[in-house]
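First up is the structure itself, then whatever we jot down about it.
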Amino acid sequence: MEKEKEKGNGEEEEKVQTKENGKAPAEFSEKDETERSSLISKGFPNWGKKEFFLFIKLCEKFGRANYEKISEEMTHKNAEEVKLYSKAFWKKWELIENGERYVDRIEKGEAQLKQLNLIEEIVSK
């Protein structure tokens with residue numbers, strides 16, 4: 001987006017313009033706002049960036065399906081909330097910016113967990 005300064009009534013105002021047509025973006029209509037609210041309520045409105053990155057870190061640490069352990073460290077989320085969020089993440093990770101990087105981190109963490117479990121199994125024999 002480009003910003004253009006305009007003088008109006010002696011005061012400087014900023015007008016946000018799109019590169020495509022040079023016009024300011026349209027305001028949300030009441031219908032748009034209703035749809036936006038509906039989509040937010042169907043999603044995860046109580047999960048922000050902080051929870052997202054903690055979720056990724058804990059999936060690395062415990063494995064993607066260990067909802068109980070993940071929820072224990074996400075003190076404000078229960079295992080069912082983590083499970084629902086996890087299912088949505090794995091269904092749509094390709095739409096997330098840098099999604100492949102997050103999946104790689106989780107998979108590397110899971111590989112390390114598998115290796116540790118194998119070592120523990122061998123040692124306990």
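As shown in the structure tokens, the chain order sets the letters A, B, ...; within each chain, residues go from 1, and ligands are also counted from 1 in the order they appear.
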
Looking only at strand (DSSP E) from DSSP on the backbone, list the matching residues of chain A as a list in words. Glu2, Lys3, Glu4, Lys5, Glu6, Lys7, Gly8, Glu11, Glu12, Glu13, Glu14, Lys15, Val16 and Gln17 of chain A

Would you please give, as a PyMOL selection string, all residues of chain A that DSSP assigns to helix (DSSP H, G or I) based on the backbone? chain A and resi 30-42+49-62+67-73+79-95+99-123

Pull the closest atom pair for each residue of region 76-121 of chain A that gets at most 12 Å from region 52-55 of chain A, along with the distance in Å to one decimal, counting only C-alpha atoms, ordering rows by chain and then ascending residue number, as JSON lines.
{"residue": "A:His76", "atom": "CA", "partner": "A:Leu54", "partner_atom": "CA", "distance": 11.8}
{"residue": "A:Lys77", "atom": "CA", "partner": "A:Phe55", "partner_atom": "CA", "distance": 10.4}
{"residue": "A:Ala79", "atom": "CA", "partner": "A:Phe55", "partner_atom": "CA", "distance": 11.9}
{"residue": "A:Glu81", "atom": "CA", "partner": "A:Phe55", "partner_atom": "CA", "distance": 11.4}
{"residue": "A:Val82", "atom": "CA", "partner": "A:Phe55", "partner_atom": "CA", "distance": 8.2}
{"residue": "A:Lys83", "atom": "CA", "partner": "A:Phe55", "partner_atom": "CA", "distance": 10.8}
{"residue": "A:Tyr85", "atom": "CA", "partner": "A:Phe55", "partner_atom": "CA", "distance": 9.1}
{"residue": "A:Ser86", "atom": "CA", "partner": "A:Phe55", "partner_atom": "CA", "distance": 8.4}
{"residue": "A:Ala88", "atom": "CA", "partner": "A:Phe52", "partner_atom": "CA", "distance": 11.9}
{"residue": "A:Phe89", "atom": "CA", "partner": "A:Phe52", "partner_atom": "CA", "distance": 9.6}
{"residue": "A:Trp93", "atom": "CA", "partner": "A:Phe52", "partner_atom": "CA", "distance": 11.8}
{"residue": "A:Ile96", "atom": "CA", "partner": "A:Phe52", "partner_atom": "CA", "distance": 11.2}
{"residue": "A:Gly99", "atom": "CA", "partner": "A:Phe52", "partner_atom": "CA", "distance": 11.6}
{"residue": "A:Tyr102", "atom": "CA", "partner": "A:Phe53", "partner_atom": "CA", "distance": 9.1}
{"residue": "A:Val103", "atom": "CA", "partner": "A:Phe55", "partner_atom": "CA", "distance": 11.6}
{"residue": "A:Arg105", "atom": "CA", "partner": "A:Phe53", "partner_atom": "CA", "distance": 11.4}
{"residue": "A:Ile106", "atom": "CA", "partner": "A:Phe55", "partner_atom": "CA", "distance": 10.0}

For C-alpha atoms, I'd like the residues from the last selection saved as a CSV table (one decimal), in the first residue's frame.
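Contents of again.csv, freshly written:
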chain,number,residue,atom,x,y,z
A,76,HIS,CA,-4.9,-21.7,30.4
A,77,LYS,CA,-5.8,-24.4,27.8
A,79,ALA,CA,-6.4,-30.9,26.5
A,81,GLU,CA,-8.9,-27.1,23.4
A,82,VAL,CA,-5.4,-28.2,22.4
A,83,LYS,CA,-6.7,-31.1,20.4
A,85,TYR,CA,-6.5,-26.3,17.7
A,86,SER,CA,-4.0,-29.0,16.7
A,88,ALA,CA,-7.1,-27.1,12.7
A,89,PHE,CA,-3.3,-26.5,12.5
A,93,TRP,CA,-0.7,-25.4,8.1
A,96,ILE,CA,0.2,-20.2,7.4
A,99,GLY,CA,4.0,-23.0,7.9
A,102,TYR,CA,6.9,-24.8,11.9
A,103,VAL,CA,6.1,-28.3,10.7
A,105,ARG,CA,10.5,-28.0,13.7
A,106,ILE,CA,7.8,-30.2,15.1

Write out as a ChimeraX atom specification which residues come within 10 Å of Glu80 (chain A) when counting only C-alpha atoms, dropping same-chain ones fewer than 6 positions away. /A:67-68,71,86
